[in-house]
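What follows is one structure encoded as structure tokens, with my remarks underneath.
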Protein chains: 2
Amino acid sequence: GTKGISLFVVPKLNADTLASNNVNCGSIEQKMGIHGNATCVLNFDGATGYLIGPPNEGLRCMFTFMNFARLGTALQGMAAAEQSYQGALAYARERTAMRALSGPKNPQQSADPIIFHPDVRRMLLTQRAIAEGGRALIYFCAMQGDILNSGNPTEEEKKEAEALMSVLTPIAKAFLTETGFEAANLGMQVFGGHGYIAEWGMEQIVRDTRISMLYEGTTGIQALDLLGRKILGDRGTMLRFWTRVMHRFCRDNKNRKMDEFIRPLRRYYREWASFTNKIGIKAILNPEEVGAASVDYLMYAGYVTLAYFWAAIADASYRALEEGTEEKAYYEGKIKTARFYYKRLLPKANSHRELMLSGAKTLMDLKIEEF
Amino acid sequence: GTKGISLFVVPKLNADTLASNNVNCGSIEQKMGIHGNATCVLNFDGATGYLIGPPNEGLRCMFTFMNFARLGTALQGMAAAEQSYQGALAYARERTAMRALSGPKNPQQSADPIIFHPDVRRMLLTQRAIAEGGRALIYFCAMQGDILNSGNPTEEEKKEAEALMSVLTPIAKAFLTETGFEAANLGMQVFGGHGYIAEWGMEQIVRDTRISMLYEGTTGIQALDLLGRKILGDRGTMLRFWTRVMHRFCRDNKNRKMDEFIRPLRRYYREWASFTNKIGIKAILNPEEVGAASVDYLMYAGYVTLAYFWAAIADASYRALEEGTEEKAYYEGKIKTARFYYKRLLPKANSHRELMLSGAKTLMDLKIEEF
């Protein structure tokens with residue numbers, strides 16, 4: 001267990017004598033990516049360690065930076081999507097192959113830029129929707145941190161910011177690293193065979209971001225943290241802080257233009273609350289139901305959470321266009337990407353719902369020797 | 001276009017004089033994986049080429065090996081899933097972390113093997129279902145090849161084998177490389193942080209198999225070949241050869257034991273035929289609908305195709321158990337994996353259906369400057 005763990009700092013030089021503290025690098029790990037970040041086997045041959053915090057409270061002490069590190073990792077997933085999108089977009093505008101299905105767009109040349117092909121657009125818009133929606137989610141989390149750390153919150157504001165931060169941290173970490181990796185792979189796919197060659201830079205993004213689904217707690221660990229500890233462990237109270245934010249937004253934006261976003265968003269966050277109850281009841285009878293549902297639960301939560309942020313982006317874009325702006329294409333592009341998100345990514349939540357509700361039986365039925 | 005292309009062989013030594021033919025390696029490409037396979041820039045400085053086949057028929061000539069290469073690539077995707085499954089399964093049986101959610105399985109040690117965690121089983125069974133279902137699909141394709149090449153087929157048998165081969169080749173190639181890559185990533189995920197370190201061998205499978213979604217025609221190209229050329233281009237005739245195989249199986253296996261597989265399989269292949277018509281009608285009005293639907297159409301086709309093979313595996317397993325066998329665990333494991341497939345993977349077809357039917361508008365609406 002984790003009960004006996006204490007936290008120590010072991011400096012390279014002994015803090016008193018400034019002589020070598022006998023901390024030696026045994027070997028450098030060969031990793032899939034992040035080659036600029038050397039992971040070492042460290043040997044502590046009689047080195048002096050200095051206790052941080054109380055004895056046996058090491059894990060708790062470590063978690064003071066862990067929550068921060070998890071949001072940082074979410075940022076890494078989002079950044080992979082953004083970086084890969086920028087590369088793929090530039091390539092798709094220049095690279096020509098075949099004719100557009102609706103007829104030549106570039107008659108003076110023998111082929112059209114691949115950005116005219118619907119499936120290339122599907123890949124680019126997926127990358128973009130993850131990058132920009134994910135950025136909004138991370139800003140929102142950062143704002144909760146500001147309320148807690150730099151603001152002067154009332155007790156109620158503090159409670160809300162803490163609840164939102166608790167629920168959104170595992171969602172941001174796991175969902176944005178999973179979809180960020182997916183987006184990085186789509187960027188490589190837009191490049192075709194060139195994407196597999198190192199000099200184009202796309203494969204490095206895939207390799208570098210792959211670790212984000214592993215470190216600071218894997219996707220599976222984030223999912224258990226979300227569903228088991230944060231949501232069911234708190235009888236849904238923390239989740240209600242988040243669905244209330246979505247509820248207020250839907251209530252305040254009932255207008256014809258926003259209807260295409262508000263209607264599905266409302267349906268999804270209500271459904272989210274309702275099947276959370278179902279899983280809670282199943283979990284009382286069989287705790288394995290939590291582990292069986294957790295990753296699909298988290299992915300569902302991620303798709304619905306990003307749907308809120310895309311609705312908010314669409315709303316802000318409509319306002320900017322109404323007030324008059326010189327960046328018309330920018331805001332029109334945002335609204336159209338929000339539409340893409342609702343039609344082409346959000347429905348993925350439906351199969352995650354179906355999978356999580358299918359129960360633990362098909363997973364746990366196999367005996368060890370039947371694998 | 002492809003009209004002017006002719007196919008040449010350019011040997012290293014001139015075929016007449018046996019002197020150097022001036023074919024030189026300009027540089028070796030640095031790739032994400034398959035490092036044992038050197039991809040070179042070749043320079044042909046006045047080298048002599050020898051025409052293969054008729055002039056201007058190069059692309060057609062090349063396709064005589066392309067179909068074979070596509071099935072070989074499908075095999076690569078399946079093999080990645082299998083290899084990664086073997087590694088992850090061995091690790092999951094040995095590696096201990098936390099307690100099983102339903103209570104200690106290994107009370108004499110401080111933690112349980114991770115194979116007792118539901119989410120680890122979800123990952124392992126996904127790998128297994130792709131590997132073993134994919135193997136059945138590839139064997140079936142190989143059997144069609146045998147009918148055509150080694151058998152003495154009647155005209156009708158030949159027509160059926162050709163149609164099945166045509167429809168199943170792009171499905172096998174794209175679906176098994178996409179899901180094989182997913183399975184390889186799940187294998188790495190089972191290892192946690194260790195999976196990212198080269199010495200465990202899991203990250204190499206991910207890197208090596210990533211190219212399978214790119215070469216011999218990307219997933220996007222396979223999808224256009226399937227939906228545009230093979231299915232709509234033939235007014236659904238080739239598809240009917242495949243749905244007829246599923247139909248016969250369902251008709252001949254109406255019994256209580258098989259009901260849990262037969263019912264959903266029948267629903268899916270009927271639905272497949274029915275929305276193919278819908279897309280065909282939309283495509284007449286707007287050819288971009290084909291490109292907008294194609295990849296999700298292919299993934300749907302893949303999930304339903306593998307569902308047939310898992311039903312066939314379950315059926316064969318029931319027969320073996322009825323006849324009496326010493327490999328009871330083997331066949332029980334197969335039936336339980338078939339159940340897992342139907343409850344935990346096949347429902348993904350539903351969101352692919354929803355995405356493909358959402359139409360081309362959200363993709364094509366963006367002007368170039370709005371990206």
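Identifiers in the structure tokens: chain A, B, ... in order shown; residue index from 1 per chain; ligand index from 1 in order shown.
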
Excluding same-chain residues fewer than 6 positions from range 312-319 of chain B, what lies within 10 Å of it counting only C-alpha atoms, as number ranges by chain? B: 132-133, 136, 246, 249-250, 253, 257-258, 261-262, 306, 325, 328, 330-339

Store the residues of this selection in a file with N, CA, C and O atoms, as a tab-separated table (two decimals), in the first residue's frame.
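Produced file result_34.tsv, reproduced below:
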chain	number	residue	atom	x	y	z
B	132	GLU	N	-7.75	-12.06	-33.36
B	132	GLU	CA	-8.30	-13.36	-33.74
B	132	GLU	C	-9.44	-13.24	-34.74
B	132	GLU	O	-9.56	-14.05	-35.66
B	133	GLY	N	-10.28	-12.21	-34.57
B	133	GLY	CA	-11.31	-11.96	-35.58
B	133	GLY	C	-10.67	-11.57	-36.91
B	133	GLY	O	-11.10	-12.02	-37.98
B	136	ALA	N	-9.37	-14.58	-38.81
B	136	ALA	CA	-10.43	-15.29	-39.52
B	136	ALA	C	-10.78	-14.59	-40.83
B	136	ALA	O	-10.97	-15.24	-41.87
B	246	MET	N	-23.45	-13.72	-44.99
B	246	MET	CA	-23.93	-13.50	-43.62
B	246	MET	C	-25.36	-13.98	-43.47
B	246	MET	O	-25.73	-14.58	-42.46
B	249	PHE	N	-25.50	-17.75	-43.17
B	249	PHE	CA	-25.04	-18.15	-41.84
B	249	PHE	C	-26.15	-17.96	-40.81
B	249	PHE	O	-26.40	-18.83	-39.97
B	250	CYS	N	-26.81	-16.82	-40.86
B	250	CYS	CA	-27.86	-16.52	-39.88
B	250	CYS	C	-29.04	-17.48	-40.06
B	250	CYS	O	-29.63	-17.96	-39.08
B	253	ASN	N	-28.20	-21.01	-38.62
B	253	ASN	CA	-27.81	-21.15	-37.22
B	253	ASN	C	-28.82	-20.58	-36.25
B	253	ASN	O	-28.47	-20.08	-35.19
B	257	LYS	N	-28.67	-21.09	-28.50
B	257	LYS	CA	-27.32	-20.70	-28.09
B	257	LYS	C	-26.76	-19.57	-28.93
B	257	LYS	O	-26.10	-18.69	-28.43
B	258	MET	N	-27.00	-19.65	-30.23
B	258	MET	CA	-26.40	-18.66	-31.14
B	258	MET	C	-27.21	-17.37	-31.25
B	258	MET	O	-26.77	-16.41	-31.87
B	261	PHE	N	-25.83	-13.82	-30.95
B	261	PHE	CA	-25.01	-13.31	-32.05
B	261	PHE	C	-25.81	-13.10	-33.33
B	261	PHE	O	-25.64	-12.12	-34.04
B	262	ILE	N	-26.71	-14.05	-33.60
B	262	ILE	CA	-27.46	-14.02	-34.85
B	262	ILE	C	-28.37	-12.79	-34.94
B	262	ILE	O	-28.42	-12.11	-35.97
B	306	LEU	N	-16.29	-8.14	-39.00
B	306	LEU	CA	-15.68	-8.93	-37.92
B	306	LEU	C	-16.74	-9.58	-37.03
B	306	LEU	O	-16.50	-10.65	-36.46
B	325	THR	N	-14.17	-32.19	-26.16
B	325	THR	CA	-12.83	-31.72	-26.49
B	325	THR	C	-12.00	-31.65	-25.21
B	325	THR	O	-12.54	-31.49	-24.11
B	328	LYS	N	-11.25	-27.40	-23.44
B	328	LYS	CA	-12.45	-26.71	-23.02
B	328	LYS	C	-12.20	-25.21	-22.79
B	328	LYS	O	-12.95	-24.36	-23.26
B	330	TYR	N	-10.00	-23.29	-24.00
B	330	TYR	CA	-9.74	-22.62	-25.29
B	330	TYR	C	-11.06	-22.21	-25.95
B	330	TYR	O	-11.25	-21.06	-26.33
B	331	TYR	N	-12.00	-23.16	-26.04
B	331	TYR	CA	-13.26	-22.86	-26.73
B	331	TYR	C	-14.16	-21.96	-25.89
B	331	TYR	O	-14.85	-21.08	-26.42
B	332	GLU	N	-14.16	-22.16	-24.57
B	332	GLU	CA	-14.95	-21.26	-23.71
B	332	GLU	C	-14.43	-19.82	-23.85
B	332	GLU	O	-15.21	-18.86	-23.90
B	333	GLY	N	-13.12	-19.69	-23.89
B	333	GLY	CA	-12.51	-18.36	-24.05
B	333	GLY	C	-12.92	-17.71	-25.36
B	333	GLY	O	-13.17	-16.50	-25.42
B	334	LYS	N	-13.03	-18.53	-26.41
B	334	LYS	CA	-13.44	-17.99	-27.72
B	334	LYS	C	-14.88	-17.46	-27.65
B	334	LYS	O	-15.18	-16.37	-28.14
B	335	ILE	N	-15.78	-18.26	-27.04
B	335	ILE	CA	-17.19	-17.84	-26.96
B	335	ILE	C	-17.31	-16.56	-26.14
B	335	ILE	O	-18.04	-15.63	-26.49
B	336	LYS	N	-16.55	-16.49	-25.04
B	336	LYS	CA	-16.63	-15.29	-24.20
B	336	LYS	C	-16.03	-14.07	-24.90
B	336	LYS	O	-16.47	-12.94	-24.68
B	337	THR	N	-15.01	-14.30	-25.72
B	337	THR	CA	-14.45	-13.17	-26.48
B	337	THR	C	-15.44	-12.71	-27.55
B	337	THR	O	-15.55	-11.51	-27.82
B	338	ALA	N	-16.16	-13.65	-28.14
B	338	ALA	CA	-17.22	-13.28	-29.10
B	338	ALA	C	-18.26	-12.39	-28.42
B	338	ALA	O	-18.68	-11.37	-28.96
B	339	ARG	N	-18.64	-12.77	-27.19
B	339	ARG	CA	-19.60	-11.95	-26.42
B	339	ARG	C	-19.05	-10.56	-26.15
B	339	ARG	O	-19.75	-9.57	-26.26

What are the DSSP strand (DSSP E) residues of range 1-248 of chain A, as a PyMOL selection string? chain A and resi 7-9+23-28+40-44+50-52

Select residues of chain A: the criterion is any atom within 6 Å of an atom of chain B, counting only C-alpha atoms; output as a ChimeraX atom specification. /A:30-32,101,118-119,121,192-193,196-198,214,287-288,291-292,329-330,333,340,344,348,351,355,362-363,370

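Superposing chain A on chain B by least squares over every C-alpha atom, paired in sequence order, leaves a C-alpha RMSD of 0.1 Å.
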
From a backbone DSSP assignment, name each residue in range 15-117 of chain A labelled alpha helix (DSSP H), as JSON, numbers by chain. {"A": [58, 59, 60, 61, 62, 63, 64, 65, 66, 67, 68, 69, 70, 71, 72, 73, 74, 75, 76, 77, 78, 79, 80, 81, 82, 83, 84, 85, 86, 87, 88, 89, 90, 91, 92, 93, 94]}

Selection from above, C-alpha atoms, as a PDB file, in the first residue's frame, can you write it?
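Saved the output as again.pdb:
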ATOM      1  CA  GLY A  58       4.640  11.187   1.147  1.00  0.00           C
ATOM      2  CA  LEU A  59       1.865  10.408  -1.295  1.00  0.00           C
ATOM      3  CA  ARG A  60      -0.313  13.254  -0.042  1.00  0.00           C
ATOM      4  CA  CYS A  61       2.653  15.648  -0.272  1.00  0.00           C
ATOM      5  CA  MET A  62       3.391  14.544  -3.813  1.00  0.00           C
ATOM      6  CA  PHE A  63      -0.199  15.244  -4.824  1.00  0.00           C
ATOM      7  CA  THR A  64       0.277  18.947  -4.110  1.00  0.00           C
ATOM      8  CA  PHE A  65       2.089  19.156  -7.415  1.00  0.00           C
ATOM      9  CA  MET A  66       0.309  16.257  -9.102  1.00  0.00           C
ATOM     10  CA  ASN A  67      -2.923  18.124  -9.826  1.00  0.00           C
ATOM     11  CA  PHE A  68      -0.942  20.922 -11.401  1.00  0.00           C
ATOM     12  CA  ALA A  69       1.111  18.401 -13.403  1.00  0.00           C
ATOM     13  CA  ARG A  70      -2.079  16.761 -14.680  1.00  0.00           C
ATOM     14  CA  LEU A  71      -3.349  20.024 -16.105  1.00  0.00           C
ATOM     15  CA  GLY A  72       0.093  20.571 -17.619  1.00  0.00           C
ATOM     16  CA  THR A  73      -0.201  17.182 -19.315  1.00  0.00           C
ATOM     17  CA  ALA A  74      -3.656  18.098 -20.636  1.00  0.00           C
ATOM     18  CA  LEU A  75      -1.951  21.106 -22.188  1.00  0.00           C
ATOM     19  CA  GLN A  76       0.562  18.763 -23.820  1.00  0.00           C
ATOM     20  CA  GLY A  77      -2.260  16.802 -25.489  1.00  0.00           C
ATOM     21  CA  MET A  78      -3.915  19.977 -26.714  1.00  0.00           C
ATOM     22  CA  ALA A  79      -0.583  21.368 -27.961  1.00  0.00           C
ATOM     23  CA  ALA A  80       0.085  18.188 -29.954  1.00  0.00           C
ATOM     24  CA  ALA A  81      -3.268  18.642 -31.693  1.00  0.00           C
ATOM     25  CA  GLU A  82      -2.549  22.310 -32.419  1.00  0.00           C
ATOM     26  CA  GLN A  83       1.009  21.777 -33.664  1.00  0.00           C
ATOM     27  CA  SER A  84      -0.016  18.861 -35.840  1.00  0.00           C
ATOM     28  CA  TYR A  85      -2.990  20.844 -37.190  1.00  0.00           C
ATOM     29  CA  GLN A  86      -0.750  23.734 -38.225  1.00  0.00           C
ATOM     30  CA  GLY A  87       1.554  21.366 -40.102  1.00  0.00           C
ATOM     31  CA  ALA A  88      -1.254  19.415 -41.763  1.00  0.00           C
ATOM     32  CA  LEU A  89      -3.208  22.544 -42.745  1.00  0.00           C
ATOM     33  CA  ALA A  90      -0.205  24.120 -44.494  1.00  0.00           C
ATOM     34  CA  TYR A  91       0.489  20.839 -46.295  1.00  0.00           C
ATOM     35  CA  ALA A  92      -3.152  20.313 -47.319  1.00  0.00           C
ATOM     36  CA  ARG A  93      -3.273  23.776 -48.901  1.00  0.00           C
ATOM     37  CA  GLU A  94      -0.181  23.128 -51.023  1.00  0.00           C
TER      38      GLU A  94
END

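Note that CA of Phe275 in chain A and CA of Arg267 in chain B are 25.8 Å apart.
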
Between CA of Thr305 in chain B and CA of Arg229 in chain B - distance in Å to one decimal: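 CA of Thr305 in chain B lies at a distance of 18.8 Å from CA of Arg229 in chain B.
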